[in-house]
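Reviewing the structure listed below.
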Amino acid sequence: MTTIAHPTSLLDGLNEDQQKAVVTTEGPVLVVAGPGSGKTRVLTHRIAFLIQERGIRPESILAVTFTNKAAREMKDRIARLIGDGAADGLVMGTFHALGVRFLRQNPGVVADRLNLLPNFLIYDTADQLELAKRSVVAIGLDPKQLAPRRVLSRISAAKSLLVGPDEFGREVETYDDEVIARVYREYERALRSANAVDFDDLLALPIRLFDEAPAVLERYQDRFQYLMVDEYQDTNRVQYVLVSALAMKHRNLFVVGDPDQSIYAWRQADIRNILDFEKDYLDATRIHLELNYRSTGRIVDAADRVIRENTQRIDRRLRTPNEEGVPLIVRELADGQHEAQFVVNEIRRAVKTHGRSADDFAVMYRTTAQSRVLEEAFRTSDIAYRIVGGVRFYERKEVKDVLAVLRLLHNPADNLSLERVIDNFPLGRGIGPKALDAIRDWSSQHRRFLIDGFLALVPGPHADEPAPALSGQARAAASKLGTVLATLREQVGSLALAELFDAIVERTGYQATFDHDSEEEMQRWANLLELRADLERYDLVEPAEALATYLEQVALIADVDSLPDGSAGQVTLITLHSAKGLEFPIVFITGVEEGLLPISRAVEAEFSDPLPLEEERRLFYVGITRAQKVLYLTYAANRMSYGRYQSGVASRFLAAIPQENVRASTRSANRSQNGAGSPRLQDRARGTLGSRLTWESEPPSREAAPPPRAAVEHVPGQRVFHAKFGEGVIAEVNARHGDPELAVDFARHGRKRLLASLANLDVVE
DNA sequence: GAATGCATGGTTTTT
DNA sequence: CCATGCATTC
């Protein structure tokens with residue numbers, strides 16, 4: 001082949017192992033790729049290589065990624081390698097997107113065998129929870145006794161293991177199992193009667209589809225000659241079965257993963273999938289990518305030392321050709337607020353003095369709850385930031401409300417959405433439980449959808465048809481709702497989505513409920529306008545298809561998917577889980593404390609089951625290895641949880657990091673750096689004399705609490721930070737009595753008058 | 001049927 | 001702390 005004499009540009013700049021991974025196109029291949037070892041590069045170059053050098057048609061290639069964002073970026077990179085359009089037809093996406101695709105492409109079989117009509121909806125986590133709750137009630141149990149959340153996680157786990165309600169029922173061991181089996185059965189029934197699927201179904205139903213119609217599977221097996229799966233260590237049983245089935249014919253299965261980055265065992269991810277790959281495929285080629293090109297020597301070394309403590313791993317050493325870099329910065333802060341302010345200050349300093357851009361930074365944390373305090377600090381600062389996850393846009397009440405109407409219009413079987421509309425829209429007023437029961441009776445009697453009961457009450461040509469037994473006010477209210485829904489339904493397919501949005505918020509009276517004088521409600525309305533803008537992007541889509549396309553896109557969107565691919569000039573606030581696969585020049589990992597990282601549940605289980613603790617350590621490892629240049633590790637001596645301060649200690653994980661790689665500083669070092677030494681005794685005396693008011697936001701533990709300090713020279717114009725009020729600017733200083741009284745303008749709380757000795761202000765900058 | 005107020009329990013992590 | 005759910009009241 002000519003490619004040997006003239007090495008193709010697709011191999012340029014790749015090391016020997018990476019090249020091998022690219023050119024080994026035939027047969028099963030396992031790539032064990034450490035963090036920063038260029039696996040995305042290998043994947044993109046390999047796909048480009050298959051198309052350009054091996055002449056494989058793009059539509060014969062299937063690549064599964066962990067997020068839509070990863071898919072998008074890889075497609076872009078491939079286009080850059082071999083030109084726009086050269087990879088058209090390549091199928092690349094998440095497992096869930098792939099699952100939907102299989103279901104959508106086979107509407108006949110899906111309807112006949114799986115009982116799903118083509119307009120089926122994908123229920124999100126909140127919908128699932130609601131459905132689980134109703135299922136608990138439906139079988140005559142109390143959701144307070146049997147937490148829907150727990151039931152749901154059991155159901156989800158079962159589905160991930162391809163265990164249906166029947167099999168689950170057959171294998172019950174305890175009474176608890178038995179009850180859950182009954183809920184599971186009801187949950188499935190309700191889901192199907194709503195013509196809906198949940199996330200787990202997107203993976204499990206394609207497998208049932210293939211079982212029911214082997215010809216369909218064969219078609220895909222024939223088509224996808226080359227399969228690639230990224231993040232293989234985080235696949236679960238269903239995903240494993242799906243991949244195995246698809247790859248069975250051509251056996252060109254290329255999987256990439258890193259057992260040390262397996263962080264989804266709680267989601268039924270099974271690390272054995274990657275560990276046993278060579279048992280499943282005896283002729284597999286194994287390639288190791290161990291050279292880390294991402295991080296400095298000190299960061300790589302720290303990561304290596306940390307992960308080395310795990311027992312459940314293949315021994316290997318992470319190395320880097322990169323320079324040693326600067327030491328890691330480990331810092332203890334007084335509490336969560338100070339931790340957040342420290343992060344903000346460090347970022348501001350680096351931006352000002354080192355010319356860093358905000359998007360060079362990521363702030364990571366274990367639990368989403370931690371993002372609150374961080375956000376507060378960023379909000380009162382002048383630094384642009386972005387939170388990945390948290391309260392998801394599509395989960396906001398007002399957004400879900402309008403989406404419920406859209407979903408109902410698309411899928412009239414969606415009773416959950418209909419009831420949401422009744423509960424939350426002005427139009428639903430006057431329709432109470434009694435009226436709803438009557439309509440429900442009618443619908444089951446006539447074997448019609450619930451929504452049809454409302455439509456049957458609409459005055460007009462069908463007035464002679466049987467209608468639900470309602471009278472008076474309830475009838476009038478239901479009829480009115482029916483009329484609006486009927487009108488809206490007629491407009492689906494002809495109106496553009498944004499216009500449909502307008503019709504909805506207007507005709508249902510929803511828009512009128514927003515109070516213009518309430519800042520909060522105007523924010524909600526702004527959210528809806530954002531939704532409207534989102535809908536406008538579908539103007540180019542065929543109106544008949546637009547609604548279906550939009551709803552599907554909404555359902556499958558992940559938190560990180562909304563992260564712009566390029567730079568946005570914002571600091572990224574993100575959970576450690578979501579950060580997997582990303583990289584940033586400067587990373588802060590916050591809350592590196594016992595109970596948080598590792599999370600308390602893992603600590604509690606430690607002696608009976610060490611695996612969760614090891615997963616926590618892998619999570620920390622994932623976080624460390626996101627950093628390219630600078631890594632900060634912070635923890636707080638006191639942290640607020642459930643409204644109370646609890647004192648904390650540094651995470652055991654920190655102990656593994658060699659001291660010579662660290663520039664540590666204790667809280668007191670941190671303090672004295674802030675100017676003046678600390679005349680603690682005096683101040684403490686004054687502090688106890690002072691009113692409780694100024695102390696209320698301080699940790700109750702006097703020992704652990706930072707002593708108040710004075711002697712910091714305060715001047716007007718100075719930017720300061722207060723644990724409770726956030727950032728502010730000093731407006732006046734009145735020093736008549738030795739202990740200066742300050743007037744501070746806080747961004748969020750307006751002007752406050754504080755005594756310098758008690759306010760415990762940190763000077764910003 | 002809606003508005004208000006109190007009690008309760010919950011935070012791991014996400015497609 | 002907070003969000004949710006239930007009870008009380010009108």
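Starting from 1 in every chain, residues are counted up; chains themselves are A, B, ... following the order of the structure tokens, and ligands are numbered from 1 as listed.
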Tell me the residues of chain A close to chain B, meaning within 9 Å using only C-alpha atoms (C1' of nucleotides), as a ChimeraX atom specification.
/A:66-67,94-96,199-200,263-264,266-267,366-369,429-432,556-559,575-578,596,599-601,642
Which chain A residues are at most 9 Å from chain C (counting only C-alpha atoms (C1' of nucleotides)), as a list in words?
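Going by the stated atoms only, the list reads Met640, Ser641, Tyr642, Gly643 and Arg644 of chain A.
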Can you write out the residues you just picked, keeping all heavy atoms, as a PDB file, in the first residue's frame?
ATOM      1  N   MET A 640     -21.673  24.239  56.071  1.00  0.00           N
ATOM      2  CA  MET A 640     -23.109  24.241  56.330  1.00  0.00           C
ATOM      3  C   MET A 640     -23.764  23.096  55.565  1.00  0.00           C
ATOM      4  O   MET A 640     -23.583  22.956  54.361  1.00  0.00           O
ATOM      5  CB  MET A 640     -23.689  25.569  55.848  1.00  0.00           C
ATOM      6  CG  MET A 640     -25.175  25.649  55.939  1.00  0.00           C
ATOM      7  SD  MET A 640     -25.710  26.658  57.299  1.00  0.00           S
ATOM      8  CE  MET A 640     -25.569  28.286  56.603  1.00  0.00           C
ATOM      9  N   SER A 641     -24.514  22.267  56.299  1.00  0.00           N
ATOM     10  CA  SER A 641     -25.324  21.289  55.593  1.00  0.00           C
ATOM     11  C   SER A 641     -26.626  21.118  56.365  1.00  0.00           C
ATOM     12  O   SER A 641     -26.615  21.088  57.597  1.00  0.00           O
ATOM     13  CB  SER A 641     -24.592  19.965  55.442  1.00  0.00           C
ATOM     14  OG  SER A 641     -24.681  19.204  56.605  1.00  0.00           O
ATOM     15  N   TYR A 642     -27.696  21.093  55.643  1.00  0.00           N
ATOM     16  CA  TYR A 642     -29.019  21.076  56.260  1.00  0.00           C
ATOM     17  C   TYR A 642     -29.190  22.243  57.223  1.00  0.00           C
ATOM     18  O   TYR A 642     -29.777  22.109  58.291  1.00  0.00           O
ATOM     19  CB  TYR A 642     -29.281  19.776  57.014  1.00  0.00           C
ATOM     20  CG  TYR A 642     -29.316  18.576  56.130  1.00  0.00           C
ATOM     21  CD1 TYR A 642     -28.550  17.458  56.405  1.00  0.00           C
ATOM     22  CD2 TYR A 642     -30.139  18.555  55.006  1.00  0.00           C
ATOM     23  CE1 TYR A 642     -28.595  16.349  55.595  1.00  0.00           C
ATOM     24  CE2 TYR A 642     -30.176  17.448  54.189  1.00  0.00           C
ATOM     25  CZ  TYR A 642     -29.410  16.342  54.488  1.00  0.00           C
ATOM     26  OH  TYR A 642     -29.459  15.250  53.681  1.00  0.00           O
ATOM     27  N   GLY A 643     -28.605  23.364  56.883  1.00  0.00           N
ATOM     28  CA  GLY A 643     -28.799  24.552  57.699  1.00  0.00           C
ATOM     29  C   GLY A 643     -27.954  24.620  58.958  1.00  0.00           C
ATOM     30  O   GLY A 643     -28.118  25.512  59.763  1.00  0.00           O
ATOM     31  N   ARG A 644     -27.065  23.659  59.138  1.00  0.00           N
ATOM     32  CA  ARG A 644     -26.203  23.690  60.328  1.00  0.00           C
ATOM     33  C   ARG A 644     -24.753  23.588  59.917  1.00  0.00           C
ATOM     34  O   ARG A 644     -24.425  22.939  58.927  1.00  0.00           O
ATOM     35  CB  ARG A 644     -26.505  22.515  61.270  1.00  0.00           C
ATOM     36  CG  ARG A 644     -27.919  22.449  61.665  1.00  0.00           C
ATOM     37  CD  ARG A 644     -28.144  21.406  62.747  1.00  0.00           C
ATOM     38  NE  ARG A 644     -29.360  21.747  63.467  1.00  0.00           N
ATOM     39  CZ  ARG A 644     -29.374  22.508  64.549  1.00  0.00           C
ATOM     40  NH1 ARG A 644     -28.253  22.939  65.062  1.00  0.00           N
ATOM     41  NH2 ARG A 644     -30.510  22.809  65.133  1.00  0.00           N
TER      42      ARG A 644
END
Residues of range 124-322 of chain A in helix (DSSP H, G or I), written as a ChimeraX atom specification
/A:125-138,148-160,165-170,175-193,199-212,214-223,232-234,237-247,259-261,265-267,272-275,277-280,297-307
Need the shell around range 320-333 of chain A: protein/DNA/RNA residues with any atom at most 6 Å away, counting only C-alpha atoms (C1' of nucleotides). Skip same-chain ones fewer than 4 positions apart. Format as a tab-separated table (two decimals) with N, CA and C atoms, in the first residue's frame?
chain	number	residue	atom	x	y	z
A	291	LEU	N	0.87	7.65	28.23
A	291	LEU	CA	1.57	8.92	28.29
A	291	LEU	C	0.57	10.05	28.35
A	292	ASN	N	0.65	10.84	29.40
A	292	ASN	CA	-0.28	11.94	29.58
A	292	ASN	C	0.29	13.23	28.99
A	296	THR	N	0.83	18.88	33.91
A	296	THR	CA	2.21	19.02	34.35
A	296	THR	C	2.65	17.77	35.12
A	297	GLY	N	3.96	17.63	35.26
A	297	GLY	CA	4.52	16.48	35.97
A	297	GLY	C	3.97	16.35	37.39
A	298	ARG	N	3.82	17.46	38.05
A	298	ARG	CA	3.36	17.41	39.45
A	298	ARG	C	1.90	16.97	39.54
A	338	HIS	N	-15.97	31.17	52.80
A	338	HIS	CA	-14.60	31.60	52.60
A	338	HIS	C	-13.91	30.79	51.50
A	339	GLU	N	-14.28	29.56	51.41
A	339	GLU	CA	-13.72	28.72	50.35
A	339	GLU	C	-14.11	29.31	48.99
A	631	LEU	N	-3.42	23.27	39.79
A	631	LEU	CA	-4.48	22.56	40.51
A	631	LEU	C	-4.57	23.04	41.95
A	632	TYR	N	-5.75	23.49	42.32
A	632	TYR	CA	-6.05	23.90	43.70
A	632	TYR	C	-6.92	22.83	44.34
A	633	LEU	N	-6.60	22.47	45.57
A	633	LEU	CA	-7.46	21.56	46.31
A	633	LEU	C	-7.85	22.27	47.60
A	634	THR	N	-9.13	22.48	47.79
A	634	THR	CA	-9.55	23.22	48.99
A	634	THR	C	-10.52	22.40	49.83
A	635	TYR	N	-10.50	22.71	51.12
A	635	TYR	CA	-11.49	22.10	52.02
A	635	TYR	C	-11.81	23.09	53.12
A	636	ALA	N	-12.94	22.88	53.77
A	636	ALA	CA	-13.40	23.84	54.76
A	636	ALA	C	-13.43	23.21	56.14
A	661	ASN	N	5.22	18.09	46.19
A	661	ASN	CA	4.43	18.59	45.07
A	661	ASN	C	3.42	19.66	45.48
A	662	VAL	N	3.42	19.95	46.77
A	662	VAL	CA	2.34	20.78	47.30
A	662	VAL	C	2.85	22.07	47.93
A	663	ARG	N	2.12	23.13	47.68
A	663	ARG	CA	2.34	24.34	48.46
A	663	ARG	C	1.12	24.48	49.34
A	664	ALA	N	1.26	24.04	50.56
A	664	ALA	CA	0.11	24.06	51.45
A	664	ALA	C	0.12	25.32	52.27
A	665	SER	N	-1.03	25.72	52.71
A	665	SER	CA	-1.06	26.81	53.65
A	665	SER	C	-2.24	26.61	54.56
A	666	THR	N	-2.02	26.82	55.82
A	666	THR	CA	-3.11	26.62	56.76
A	666	THR	C	-3.97	27.85	56.80
A	667	ARG	N	-5.01	27.77	57.54
A	667	ARG	CA	-5.92	28.89	57.61
A	667	ARG	C	-5.23	30.09	58.26
Please indicate the distance in Å from CA of Leu318 in chain A to CA of Asp359 in chain A, rounded to one decimal place.
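Value for the CA of Leu318 in chain A-CA of Asp359 in chain A distance: 26.9 Å.
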Considering only C-alpha atoms (C1' of nucleotides), return as a list in words whatever protein or nucleic-acid residues lie within 10 Å of Glu398 in chain A, sequence-local ones (same chain, fewer than 2 positions apart) excluded.
Phe393, Tyr394, Glu395, Arg396, Lys400, Asp401, Val402, Leu403, Ala404, Asn424, Tyr510, Glu521, Arg524, Trp525, Asn527, Leu528 and Leu531 of chain A
Contacts of Arg448 in chain A within 12 Å, only C-alpha atoms (C1' of nucleotides), excl. fewer than 6 positions in-chain, as a list in words
Ser193, Ala194, Pro412, Ala413, Asn415, Ile439, Arg440, Asp441, Trp442, Phe454, Leu455, Ala456, Pro466, Ala467 and Pro468 of chain A
Which residues, written as a PyMOL selection string, have at least one atom at most 12 Å from Arg219 in chain A, with only C-alpha atoms (C1' of nucleotides) counted and residues fewer than 4 positions away on the same chain left out?
chain A and resi 60+102+105-106+210+213-215+223-225+245-247+249
